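Asker: A single structure is presented below for examination.
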Amino acid sequence: MIRTHSFRGVMAGFATSALALAVSAQAFAGTVSTDGADLVIKTKGGLEVGTTDKAFSFKIGGRIQADADSFDGFYTKNGNRADESYLRRARLEISGVAYTDWSYTFARNFGDTGTKDNWNEASISYDGWKPVQISVGRINPTFGLEEAVSSKWITAIERSAIYDLAPWLNSHEDGEGIRLRSTFADMFHAEVGGYRQDGNQDEDGQNNTTFVARGVFAPIVQDKQVLHFGLNYATREVEAGFSDSIKSRLSVRGTSEDTINGNRGTFGGAKLDGTDQAWGAEAAYMMGPFSIQGEYLTRTADGDAVANGNDNDLEASGYNVQVAYTLTGESRSYKLDGGKFDKIKPSDKKLGAWEVFYRYDDITVDESAIAPSNAGLLGLTFDTAEASAQTHTVGVNWYVNEAVKISANYLNTSVDDIVNANGDDDGDAISLRAQYVF
Amino acid sequence: MIRTHSFRGVMAGFATSALALAVSAQAFAGTVSTDGADLVIKTKGGLEVGTTDKAFSFKIGGRIQADADSFDGFYTKNGNRADESYLRRARLEISGVAYTDWSYTFARNFGDTGTKDNWNEASISYDGWKPVQISVGRINPTFGLEEAVSSKWITAIERSAIYDLAPWLNSHEDGEGIRLRSTFADMFHAEVGGYRQDGNQDEDGQNNTTFVARGVFAPIVQDKQVLHFGLNYATREVEAGFSDSIKSRLSVRGTSEDTINGNRGTFGGAKLDGTDQAWGAEAAYMMGPFSIQGEYLTRTADGDAVANGNDNDLEASGYNVQVAYTLTGESRSYKLDGGKFDKIKPSDKKLGAWEVFYRYDDITVDESAIAPSNAGLLGLTFDTAEASAQTHTVGVNWYVNEAVKISANYLNTSVDDIVNANGDDDGDAISLRAQYVF
Amino acid sequence: MIRTHSFRGVMAGFATSALALAVSAQAFAGTVSTDGADLVIKTKGGLEVGTTDKAFSFKIGGRIQADADSFDGFYTKNGNRADESYLRRARLEISGVAYTDWSYTFARNFGDTGTKDNWNEASISYDGWKPVQISVGRINPTFGLEEAVSSKWITAIERSAIYDLAPWLNSHEDGEGIRLRSTFADMFHAEVGGYRQDGNQDEDGQNNTTFVARGVFAPIVQDKQVLHFGLNYATREVEAGFSDSIKSRLSVRGTSEDTINGNRGTFGGAKLDGTDQAWGAEAAYMMGPFSIQGEYLTRTADGDAVANGNDNDLEASGYNVQVAYTLTGESRSYKLDGGKFDKIKPSDKKLGAWEVFYRYDDITVDESAIAPSNAGLLGLTFDTAEASAQTHTVGVNWYVNEAVKISANYLNTSVDDIVNANGDDDGDAISLRAQYVF
């Protein structure tokens with residue numbers, strides 16, 4: 001390997017022969033050029049190539065998350081300890097820009113997940129109406145702070161159980177959507193979109209549109225201090241007879257990966273007809289290595305009253321609070337564009353960054369047209385079927401470098417008015433993850 | 001292509017200090033070199049890297065087509081308006097060259113389609129017997145002008161219904177093939193191949209070979225004027241009892257993507273035994289921004305006479321005519337290598353190129369061993385069961401730039417001797433597409 | 001971003017005009033630079049980019065193997081000749097390094113295979129504890145010499161039938177594992193790993209761990225001479241009732257790709273309970289263009305004695321011997337890191353390298369709790385059900401260049417105490433492969 005700019009000869013008088021020598025030393029490597037605008041190329045494990053005028057670019061990267069869980073009690077069917085190791089995400093992400101204002105994202109998951117998760121995003125965006133970006137295609141809506149944060153950089157291994165109360169808030173559901181995003185005035189971020197989620201259609205095959213909006217106000221955005229507030233709203237119409245149930249993994253993915261003994265309890269459900277909507281609020285404060293954040297989410301869905309004397313509504317709510325502290329002193333990074341926290345960059349290259357955290361999750365199905373799983377074991381009647389769960393998560397993250405993150409979480413959950421087939425109303429779990437981002 | 005180390009000047013006098021200055025200005029960026037032959041690298045959203053001697057190259061790109069359809073009448077089951085949005089194609093395309101004469105294509109689709117469409121192509125080609133290229137692997141045959149044109153650059157959103165009369169003409173059907181292609185004398189292009197399509201095999205598991213040939217004669221190939229003629233022939237043997245039916249989407253893909261209410265009518269079918277063959281003819285003329293093109297296709301397949309007093313043959317034919325006009329004045333591009341039209345490159349970078357077109361499709365199943373879908377509703381007897389359809393398509397394409405194309409089509413179809421479950425014999429549709437080619 | 005060709009010094013004396021000429025010749029191409037450490041980029045059909053200090057790199061490549069088989073007798077169900085063409089492997093392989101010691105592999109197969117083969121590897125490795133590499137994720141264990149060799153560079157088209165005696169020895173089985181590898185003292189290579197293979201779990205969903213170890217001692221490792229010895233051991237516990245059967249393709253993949261008439265005979269099987277273990281030994285000697293190698297494998301698995309008066313154990317063993325000769329004189333390459341043979345690099349660029357080989361495989365199921373396929377046709381009783389097969393393979397490989405390999409194999413097999421549905425106890429096959437490595 002040679003330097004192309006290493007000509008450092010000192011010429012004087014008749015220095016010709018010295019020059020010839022310097023040139024010949026460069027002869028053993030080929031050159032790399034482009035036939036258009038100047039390019040910059042770089043690799044940090046993945047690859048990025050772009051013109052210096054930002055008109056064109058190409059990027060390829062991805063993530064591997066190899067997970068292992070061990071869990072018992074309510075997290076299982078029979079109460080005995082189960083375990084499962086699986087490829088949580090193995091995602092290939094290609095994106096690029098052409099003609100300055102047009103970009104695309106081609107992000108496909110190949111991990112051990114259901115078909116709904118196969119596409120993270122396949123979209124086309126126009127960035128010419130600054131500060132507004134408009135995108136179309138297979139896009140996930142964003143509702144809530146933890147969902148705004150990339151799965152690479154969330155603090156816990158899995159997101160809060162509150163999102164299990166309404167998965168449609170953050171999923172394209174194999175459909176397509178149009179989304180507007182904007183970041184402005186150095187303190188605001190907003191996103192609003194309409195999504196034609198697959199599955200939510202009438203008897204004529206006409207899809208209903210799901211609308212999701214999120215607004216962020218961040219009065220303090222500094223490297224070492226952040227103050228963040230957010231509001232979320234989502235609504236969709238569903239046709240008579242649309243059946244929905246609330247099944248939570250309580251932040252342990254292995255409960256659905258382990259088909260033998262994993263338990264993903266049904267906390268409630270109903271046949272819906274009418275409006276299904278959700279509100280969310282979020283707040284976060286970061287000061288140096290310390291951060292605290294919390295979210296609240298509530299959902300109300302109109303029941304199909306024809307089938308029952310009851311109104312059959314489905315109502316649920318939940319909240320979480322998380323405190324995190326980086327032992328090695330780094331602050332979490334924050335991006336106003338997206339209204340989200342991002343990676344922690346280790347300052348000590350040998351030690352990496354070490355972070356500890358605690359999160360509390362609380363979910364409640366307030367009203368349901370069906371009884372929770374195994375309610376019969378509890379002798380519950382329909383009227384008292386108000387299932388809830390409280391989950392404590394403590395964990396440690398080792399950010400080895402900007403590519404590798406190793407995580408360990410311990411979770412303890414207790415549930416009310418719902419049990420597993422063995423009658424357990426609590427359980428605990430250990431989750432491990434090795435993550436590589438390229 | 002240039003060398004970065006070609007400084008061979010001869011210095012004399014006291015030029016030393018000026019030279020040193022110029023060199024130091026280059027110190028703040030890293031260099032990029034190669035350890036073999038000189039390379040050229042470029043991005044237009046995707047990525048291409050190749051040696052300047054053409055011996056080796058690598059290319060990665062793809063296409064995203066996000067579609068939405070709204071349709072009623074015969075396009076649906078119950079006659080009421082349905083809609084569907086879906087990822088028509090999300091294709092990753094990798095190709096390259098090694099040792100000058102050997103190339104490969106690895107083009108995989110990840111869109112919302114059946115398994116037969118998962119691979120566009122996985123092939124190995126030898127280019128050393130110029131002007132003949134020989135390819136082997138999973139390859140789609142080419143039969144007809146619209147099929148020769150890439151799905152990225154066809155004028156209408158979907159190809160003509162005539163190809164629904166014999167899908168095997170243009171599909172690898174999850175099998176493998178060998179193909180010879182040649183372009184010569186600046187006016188001829190020919191392609192001939194043998195394909196072992198999956199599914200067409202005898203009771204011993206021996207596959208039959210499908211032969212497809214296409215010859216193109218283009219006496220005028222200029223930037224602003226093209227005159228093109230083509231002939232196509234295909235034949236295959238099928239075993240006794242091979243069941244085939246002709247089901248057309250009539251150029252609205254949503255009819256099969258919408259599983260609730262989409263209607264893809266069966267125009268005919270038969271249990272075959274013997275020879276299944278097709279002829280096609282095509283012609284096109286382009287003059288500046290205007291082009292006109294037409295195709296004719298006819299298929300005759302021997303029926304399994306044992307099962308019925310009738311000869312049980314399957315015979316069908318169809319044709320289409322299309323006129324297109326580019327409002328902004330650009331001509332369509334044409335590639336003799338492939339005998340096909342290609343993209344329109346906008347001359348005005350702000351406005352893009354705008355194209356309008358009209359296409360007429362006519363398909364008829366002349367002879368069939370089974371009655372068309374819902375023929376009973378029409379009181380049809382078997383003898384009169386000669387189903388046909390006429391489809392009018394008008395549309396506009398906005399070639400925003402060489403990467404992005406936005407399309408809108410309106411289709412109106414009317415059918416004879418076939419109806420949907422509601423008795424409808426016509427229908428109309430609107431199709432929209434956002435396309436990004438990287 | 002800087003220009004690499006910005007030399008604009010001011011020359012004195014009369015050298016000015018000669019210099020100006022040299023510089024102007026460089027003006028028509030754009031420059032390529034990086035904003036960090038110096039990069040080297042190269043393509044041989046795929047793409048590699050890395051920093052010259054080896055801290056970061058990215059590589060994308062893959063393989064296409066288009067195969068065709070023709071086979072009869074025992075290789076089929078009805079004894080008549082069948083054929084099948086299929087995409088044996090179409091693999092996309094991405095890998096990279098970040099921060100010197102951390103690497104990843106993202107190798108996904110898209111060929112015509114079952115789901116267990118979809119991932120070749122999705123793993124994260126740490127290389128900082130030299131000479132030990134530790135890897136975690138979806139990894140295939142390695143047991144045996146032919147399995148150590150990449151499917152790109154094995155001598156025969158398919159590996160020996162001995163591996164069909166215990167597929168779990170070399171498959172991640174959709175699970176995850178941890179593996180240690182080391183190469184040291186210029187003559188030793190060792191690999192040991194624990195793998196949580198999917199499917200092998202108890203009634204509580206707890207996975208059992210499979211342990212696989214391989215040690216290689218290669219006292220001679222030279223370009224033209226290699227002496228190689230290896231030992232392999234693997235063990236796993238299985239739960240009561242774990243059902244396993246030994247089904248061999250006898251090195252003809254088409255027997256399972258052809259669902260109509262392909263025959264993959266069941267040589268034995270049992271419901272297991274307890275320890276399932278295997279031993280293997282391997283040796284190879286290469287001298288110039290000649291090489292000879294052999295392997296032995298034996299498996300013993302504890303039967304579920306409860307179900308039967310018999311102990312129900314499953315015992316099987318097999319061996320193979322292969323001689324190969326490169327007509328064009330090249331030696332096979334050998335990598336101690338991996339304890340494996342690798343590609344043959346043609347020395348004559350026009351002719352390529354030509355290799356011929358013969359391999360003999362012998363497998364026997366010594367003890368089984370179930371009778372082999374169609375044992376009834378032979379009038380066999382359970383006690384005599386000791387099925388075996390001997391397979392002769394001769395073949396020729398044309399290494400056209402380092403990217404392309406064309407192979408043809410003829411196989412002849414004869415079986416004992418097992419027949420196909422037609423009563424055949426022998427069969428032969430021709431296999432063809434076109435391979436492109438990018």
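To be explicit about the labels: the chains of the structure tokens are called A, B, and onward in the order shown, and within each one the residues are counted from 1, while ligands get numbers from 1 in the order they are shown.
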Could you superimpose chain A onto chain C using every C-alpha atom, matched in order, and tell me the RMSD in Å?
Answerer: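 That gives an RMSD of 2.0 Å.
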Asker: Determine which residues of chain A sit within 7 Å of chain C, taking into account only C-alpha atoms, and present them as JSON, numbers by chain.
Answerer: {"A": [1, 5, 32, 33, 34, 35, 36, 37, 38, 39, 40, 41, 42, 43, 44, 45, 46, 47, 66, 80, 81, 82, 83, 84, 85, 86, 258, 260, 261, 403, 436]}
Asker: Could you give me the residues within stretch 28-240 of chain A that DSSP places in strand (DSSP E), as a ChimeraX atom specification?
Answerer: /A:30-34,39-42,47-51,57-73,79-98,102-109,119-129,132-138,176-184,188-196,210-221,225-240
Asker: Which neighbours of stretch 271-278 of chain C fall inside 6 Å, counting only C-alpha atoms, when residues of the same chain fewer than 2 positions from it are skipped, and could you give them as a ChimeraX atom specification?
Answerer: /C:233-243,298-304
Asker: Would you mind exporting the chosen residues as a compact mmCIF listing (two decimals), in the first residue's frame, restricted to N, CA, C and O atoms?
Answerer:
# COMPACT_ATOMS: atom_id res chain seq x y z
N TYR C 233 -14.94 -35.42 17.30
CA TYR C 233 -15.83 -36.02 18.29
C TYR C 233 -17.03 -35.10 18.50
O TYR C 233 -16.89 -33.88 18.54
N ALA C 234 -18.20 -35.72 18.62
CA ALA C 234 -19.40 -34.93 18.88
C ALA C 234 -20.32 -35.71 19.79
O ALA C 234 -20.37 -36.94 19.74
N THR C 235 -21.02 -34.99 20.65
CA THR C 235 -21.96 -35.64 21.55
C THR C 235 -23.12 -34.71 21.85
O THR C 235 -22.96 -33.49 21.88
N ARG C 236 -24.26 -35.32 22.04
CA ARG C 236 -25.42 -34.56 22.48
C ARG C 236 -26.33 -35.48 23.26
O ARG C 236 -26.33 -36.69 23.07
N GLU C 237 -27.10 -34.88 24.14
CA GLU C 237 -28.14 -35.63 24.84
C GLU C 237 -29.46 -35.38 24.12
O GLU C 237 -29.70 -34.26 23.64
N VAL C 238 -30.26 -36.43 24.00
CA VAL C 238 -31.59 -36.22 23.44
C VAL C 238 -32.63 -36.71 24.44
O VAL C 238 -32.37 -37.60 25.26
N GLU C 239 -33.80 -36.12 24.39
CA GLU C 239 -34.87 -36.44 25.32
C GLU C 239 -35.59 -37.71 24.89
O GLU C 239 -35.57 -38.09 23.72
N ALA C 240 -36.24 -38.35 25.84
CA ALA C 240 -37.01 -39.56 25.55
C ALA C 240 -38.00 -39.29 24.42
O ALA C 240 -38.72 -38.30 24.44
N GLY C 241 -37.96 -40.16 23.42
CA GLY C 241 -38.92 -40.05 22.34
C GLY C 241 -38.43 -39.25 21.15
O GLY C 241 -39.12 -39.14 20.13
N PHE C 242 -37.23 -38.68 21.23
CA PHE C 242 -36.65 -37.94 20.11
C PHE C 242 -36.48 -38.92 18.95
O PHE C 242 -35.75 -39.90 19.05
N SER C 243 -37.16 -38.62 17.88
CA SER C 243 -37.17 -39.57 16.77
C SER C 243 -36.16 -39.16 15.71
O SER C 243 -36.10 -38.02 15.30
N THR C 298 -18.21 -42.92 12.90
CA THR C 298 -19.09 -43.89 13.55
C THR C 298 -19.97 -43.18 14.56
O THR C 298 -19.54 -42.26 15.25
N ARG C 299 -21.22 -43.60 14.62
CA ARG C 299 -22.21 -42.96 15.48
C ARG C 299 -22.91 -44.02 16.32
O ARG C 299 -23.28 -45.07 15.79
N THR C 300 -23.10 -43.73 17.61
CA THR C 300 -23.89 -44.61 18.47
C THR C 300 -24.85 -43.75 19.26
O THR C 300 -24.46 -42.77 19.88
N ALA C 301 -26.12 -44.13 19.20
CA ALA C 301 -27.16 -43.36 19.89
C ALA C 301 -28.01 -44.28 20.74
O ALA C 301 -28.43 -45.35 20.28
N ASP C 302 -28.24 -43.86 21.98
CA ASP C 302 -29.03 -44.69 22.90
C ASP C 302 -30.50 -44.68 22.53
O ASP C 302 -31.11 -43.62 22.35
N GLY C 303 -31.07 -45.88 22.47
CA GLY C 303 -32.48 -45.99 22.14
C GLY C 303 -33.38 -45.79 23.35
O GLY C 303 -32.94 -45.84 24.50
N ASP C 304 -34.63 -45.53 23.06
CA ASP C 304 -35.67 -45.37 24.08
C ASP C 304 -36.16 -46.77 24.42
O ASP C 304 -37.07 -47.29 23.81
Asker: Give me, as a ChimeraX atom specification, all polymer residues having an atom no more than 12 Å from stretch 224-226 of chain B, counting only C-alpha atoms and skipping those fewer than 3 positions away in the same chain.
Answerer: /B:187,217-221,229,283-293,329-336,339-341,344
Asker: Have a look at atom CA of C:Thr391 and atom CA of C:Phe71 and let me know their distance in Å, one decimal.
Answerer: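 One can read the atom CA of C:Thr391 to atom CA of C:Phe71 distance as 13.4 Å.
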Asker: So that I can see what lies close to B:Gly128, please list as a PyMOL selection string the residues with an atom at most 10 Å from it, counting only C-alpha atoms and leaving out residues fewer than 3 positions away in the same chain.
Answerer: chain B and resi 100-102+125+131-134
Asker: Quick one: write out the picked residues with N, CA and C atoms as a tab-separated table (two decimals), in the first residue's frame?
Answerer:
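Written output follows (out02.tsv):
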chain	number	residue	atom	x	y	z
B	100	THR	N	-12.74	-11.27	-17.69
B	100	THR	CA	-13.22	-10.69	-18.95
B	100	THR	C	-14.47	-11.35	-19.52
B	101	ASP	N	-14.45	-12.67	-19.67
B	101	ASP	CA	-15.50	-13.34	-20.43
B	101	ASP	C	-16.57	-14.01	-19.59
B	102	TRP	N	-16.41	-14.03	-18.28
B	102	TRP	CA	-17.35	-14.75	-17.44
B	102	TRP	C	-18.12	-13.79	-16.55
B	125	SER	N	-22.81	-16.60	-17.22
B	125	SER	CA	-22.72	-16.38	-18.66
B	125	SER	C	-21.28	-16.39	-19.15
B	131	PRO	N	-20.16	-12.92	-31.51
B	131	PRO	CA	-21.12	-12.11	-30.77
B	131	PRO	C	-22.14	-12.93	-29.99
B	132	VAL	N	-21.85	-14.21	-29.72
B	132	VAL	CA	-22.82	-15.03	-29.01
B	132	VAL	C	-22.51	-15.07	-27.52
B	133	GLN	N	-23.55	-14.85	-26.71
B	133	GLN	CA	-23.42	-15.03	-25.27
B	133	GLN	C	-24.18	-16.29	-24.90
B	134	ILE	N	-23.56	-17.14	-24.07
B	134	ILE	CA	-24.24	-18.34	-23.61
B	134	ILE	C	-24.42	-18.25	-22.11
Asker: What gap, in Å, lies between atom CA of A:Phe267 and atom CA of A:Gly193?
Answerer: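 Interatomic distance here is 28.8 Å.
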Asker: With only C-alpha atoms as the counted atoms, please give the residues lying no more than 7 Å from A:Asn312, apart from itself and same-chain residues fewer than 2 positions off, as an NGL selection string.
Answerer: :A and (270 or 303-305 or 310 or 314 or 368-369)
Asker: Store the residues picked out above, limited to N, CA and C atoms, as a PDB file, in the first residue's frame.
Answerer:
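Output saved as part.pdb:
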ATOM      1  N   ALA A 270     -61.360  -8.391  21.811  1.00  0.00           N
ATOM      2  CA  ALA A 270     -62.758  -8.140  21.465  1.00  0.00           C
ATOM      3  C   ALA A 270     -62.916  -8.206  19.964  1.00  0.00           C
ATOM      4  N   GLY A 303     -66.247  -1.679  20.501  1.00  0.00           N
ATOM      5  CA  GLY A 303     -66.609  -3.079  20.323  1.00  0.00           C
ATOM      6  C   GLY A 303     -67.764  -3.256  19.351  1.00  0.00           C
ATOM      7  N   ASP A 304     -67.927  -4.475  18.918  1.00  0.00           N
ATOM      8  CA  ASP A 304     -69.007  -4.864  18.019  1.00  0.00           C
ATOM      9  C   ASP A 304     -70.211  -5.193  18.895  1.00  0.00           C
ATOM     10  N   ALA A 305     -71.071  -4.177  19.169  1.00  0.00           N
ATOM     11  CA  ALA A 305     -72.119  -4.317  20.176  1.00  0.00           C
ATOM     12  C   ALA A 305     -73.196  -5.307  19.786  1.00  0.00           C
ATOM     13  N   ASN A 310     -73.292  -6.377  26.378  1.00  0.00           N
ATOM     14  CA  ASN A 310     -72.174  -5.506  26.733  1.00  0.00           C
ATOM     15  C   ASN A 310     -71.783  -4.640  25.540  1.00  0.00           C
ATOM     16  N   LEU A 314     -62.801  -2.373  23.875  1.00  0.00           N
ATOM     17  CA  LEU A 314     -61.494  -2.831  24.331  1.00  0.00           C
ATOM     18  C   LEU A 314     -60.725  -1.594  24.795  1.00  0.00           C
ATOM     19  N   SER A 368     -62.521  -5.467  28.421  1.00  0.00           N
ATOM     20  CA  SER A 368     -62.277  -6.491  27.418  1.00  0.00           C
ATOM     21  C   SER A 368     -63.553  -7.275  27.206  1.00  0.00           C
ATOM     22  N   ALA A 369     -63.757  -7.789  26.000  1.00  0.00           N
ATOM     23  CA  ALA A 369     -64.943  -8.598  25.730  1.00  0.00           C
ATOM     24  C   ALA A 369     -64.680 -10.075  25.934  1.00  0.00           C
TER      25      ALA A 369
END
Asker: Using only C-alpha atoms, which residues sit within 10 Å of B:Gly280 once same-chain residues fewer than 5 positions away are excluded, as a short mmCIF file (atom, residue, chain, number, x, y, z; two decimals) with all heavy atoms, in the first residue's frame?
Answerer:
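That gives us part.cif:
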data_model
loop_
_atom_site.label_atom_id
_atom_site.label_comp_id
_atom_site.auth_asym_id
_atom_site.auth_seq_id
_atom_site.Cartn_x
_atom_site.Cartn_y
_atom_site.Cartn_z
N PHE B 143 -40.24 -13.74 -24.67
CA PHE B 143 -41.18 -13.94 -25.78
C PHE B 143 -42.02 -12.67 -25.86
O PHE B 143 -42.86 -12.43 -25.00
CB PHE B 143 -42.05 -15.16 -25.49
CG PHE B 143 -42.97 -15.57 -26.62
CD1 PHE B 143 -42.73 -16.72 -27.36
CD2 PHE B 143 -44.09 -14.80 -26.95
CE1 PHE B 143 -43.59 -17.11 -28.38
CE2 PHE B 143 -44.94 -15.18 -27.98
CZ PHE B 143 -44.70 -16.34 -28.70
N GLY B 144 -41.77 -11.86 -26.86
CA GLY B 144 -42.59 -10.66 -27.04
C GLY B 144 -41.86 -9.39 -26.64
O GLY B 144 -40.97 -9.38 -25.80
N LEU B 145 -42.29 -8.30 -27.26
CA LEU B 145 -41.60 -7.02 -27.06
C LEU B 145 -41.75 -6.48 -25.64
O LEU B 145 -40.78 -6.07 -25.00
CB LEU B 145 -42.13 -5.99 -28.07
CG LEU B 145 -41.58 -4.57 -27.95
CD1 LEU B 145 -40.06 -4.54 -28.05
CD2 LEU B 145 -42.20 -3.68 -29.02
N ARG B 214 -36.60 -16.01 -30.07
CA ARG B 214 -37.05 -14.67 -30.46
C ARG B 214 -36.02 -14.08 -31.40
O ARG B 214 -34.81 -14.14 -31.13
CB ARG B 214 -37.20 -13.78 -29.22
CG ARG B 214 -37.66 -12.35 -29.55
CD ARG B 214 -38.01 -11.60 -28.26
NE ARG B 214 -38.45 -10.25 -28.56
CZ ARG B 214 -37.74 -9.15 -28.31
NH1 ARG B 214 -36.54 -9.25 -27.77
NH2 ARG B 214 -38.21 -7.96 -28.61
N GLY B 230 -40.20 -8.15 -34.84
CA GLY B 230 -39.78 -9.33 -34.10
C GLY B 230 -40.70 -10.51 -34.33
O GLY B 230 -41.90 -10.35 -34.57
N LEU B 231 -40.11 -11.70 -34.28
CA LEU B 231 -40.87 -12.94 -34.36
C LEU B 231 -40.50 -13.81 -33.17
O LEU B 231 -39.33 -13.86 -32.77
CB LEU B 231 -40.54 -13.70 -35.65
CG LEU B 231 -41.30 -13.27 -36.91
CD1 LEU B 231 -40.80 -14.09 -38.09
CD2 LEU B 231 -42.81 -13.47 -36.73
N ASN B 232 -41.49 -14.50 -32.64
CA ASN B 232 -41.27 -15.34 -31.47
C ASN B 232 -41.91 -16.71 -31.69
O ASN B 232 -42.98 -16.81 -32.28
CB ASN B 232 -41.94 -14.73 -30.24
CG ASN B 232 -41.46 -13.32 -29.95
OD1 ASN B 232 -40.50 -13.12 -29.25
ND2 ASN B 232 -42.14 -12.32 -30.53
N TYR B 233 -41.23 -17.73 -31.19
CA TYR B 233 -41.81 -19.06 -31.26
C TYR B 233 -41.41 -19.82 -29.99
O TYR B 233 -40.27 -19.73 -29.52
CB TYR B 233 -41.30 -19.82 -32.49
CG TYR B 233 -41.78 -21.25 -32.53
CD1 TYR B 233 -43.12 -21.54 -32.73
CD2 TYR B 233 -40.89 -22.31 -32.34
CE1 TYR B 233 -43.57 -22.85 -32.75
CE2 TYR B 233 -41.34 -23.62 -32.36
CZ TYR B 233 -42.69 -23.88 -32.56
OH TYR B 233 -43.13 -25.18 -32.55
N ALA B 234 -42.36 -20.58 -29.47
CA ALA B 234 -42.07 -21.41 -28.30
C ALA B 234 -42.82 -22.71 -28.39
O ALA B 234 -43.95 -22.75 -28.92
CB ALA B 234 -42.47 -20.67 -27.02
N GLU B 295 -48.29 -6.08 -30.84
CA GLU B 295 -47.86 -7.46 -30.70
C GLU B 295 -49.04 -8.38 -30.95
O GLU B 295 -50.19 -8.05 -30.63
CB GLU B 295 -47.38 -7.75 -29.27
CG GLU B 295 -46.15 -7.01 -28.86
CD GLU B 295 -45.75 -7.38 -27.44
OE1 GLU B 295 -46.29 -6.76 -26.50
OE2 GLU B 295 -44.93 -8.30 -27.28
N TYR B 296 -48.76 -9.55 -31.48
CA TYR B 296 -49.77 -10.58 -31.67
C TYR B 296 -49.22 -11.88 -31.11
O TYR B 296 -48.03 -12.18 -31.28
CB TYR B 296 -50.10 -10.73 -33.15
CG TYR B 296 -51.02 -11.89 -33.43
CD1 TYR B 296 -52.38 -11.81 -33.15
CD2 TYR B 296 -50.52 -13.08 -33.95
CE1 TYR B 296 -53.22 -12.88 -33.40
CE2 TYR B 296 -51.36 -14.16 -34.20
CZ TYR B 296 -52.71 -14.05 -33.91
OH TYR B 296 -53.54 -15.13 -34.14
N LEU B 297 -50.07 -12.64 -30.43
CA LEU B 297 -49.64 -13.91 -29.82
C LEU B 297 -50.74 -14.93 -30.01
O LEU B 297 -51.92 -14.63 -29.79
CB LEU B 297 -49.38 -13.68 -28.33
CG LEU B 297 -48.83 -14.82 -27.47
CD1 LEU B 297 -48.11 -14.22 -26.25
CD2 LEU B 297 -49.93 -15.75 -26.97
N THR B 298 -50.37 -16.13 -30.42
CA THR B 298 -51.36 -17.20 -30.53
C THR B 298 -50.79 -18.49 -29.97
O THR B 298 -49.61 -18.80 -30.14
CB THR B 298 -51.82 -17.40 -31.99
OG1 THR B 298 -52.80 -18.43 -32.03
CG2 THR B 298 -50.65 -17.79 -32.90
N ARG B 299 -51.63 -19.21 -29.26
CA ARG B 299 -51.20 -20.45 -28.60
C ARG B 299 -52.14 -21.59 -28.95
O ARG B 299 -53.37 -21.40 -28.94
CB ARG B 299 -51.23 -20.25 -27.08
CG ARG B 299 -50.92 -21.50 -26.28
CD ARG B 299 -51.20 -21.28 -24.79
NE ARG B 299 -50.83 -22.45 -24.01
CZ ARG B 299 -51.12 -22.60 -22.71
NH1 ARG B 299 -51.74 -21.65 -22.06
NH2 ARG B 299 -50.76 -23.70 -22.06
N SER B 317 -55.66 -16.59 -28.42
CA SER B 317 -54.85 -15.60 -29.13
C SER B 317 -55.15 -14.21 -28.60
O SER B 317 -56.18 -13.98 -27.95
CB SER B 317 -55.12 -15.66 -30.63
OG SER B 317 -56.48 -15.36 -30.89
N GLY B 318 -54.25 -13.29 -28.89
CA GLY B 318 -54.45 -11.92 -28.41
C GLY B 318 -53.52 -10.97 -29.12
O GLY B 318 -52.56 -11.38 -29.78
N TYR B 319 -53.82 -9.69 -28.98
CA TYR B 319 -52.94 -8.69 -29.57
C TYR B 319 -53.05 -7.41 -28.76
O TYR B 319 -53.98 -7.23 -27.96
CB TYR B 319 -53.27 -8.44 -31.04
CG TYR B 319 -54.63 -7.82 -31.28
CD1 TYR B 319 -54.76 -6.44 -31.38
CD2 TYR B 319 -55.77 -8.60 -31.41
CE1 TYR B 319 -55.99 -5.85 -31.60
CE2 TYR B 319 -57.00 -8.03 -31.63
CZ TYR B 319 -57.12 -6.65 -31.72
OH TYR B 319 -58.33 -6.08 -31.92
#
Asker: Kindly give the distance, in Å, that separates atom CA of C:Thr381 and atom CA of C:Val365, rounded to a single decimal.
Answerer: 15.1 Å
Asker: Quick one: DSSP helix (DSSP H, G or I) residues in stretch 160-363 of chain A, as a list in words?
Answerer: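 Helix (DSSP H, G or I) members of stretch 160-363 of chain A, listed: Ala161, Ile162, Tyr163, Asp164, Leu165, Pro167, Trp168, Leu169, Asn170, Gly254, Thr255, Ser256, Glu257, Ala305, Val306 and Ala307 of chain A.
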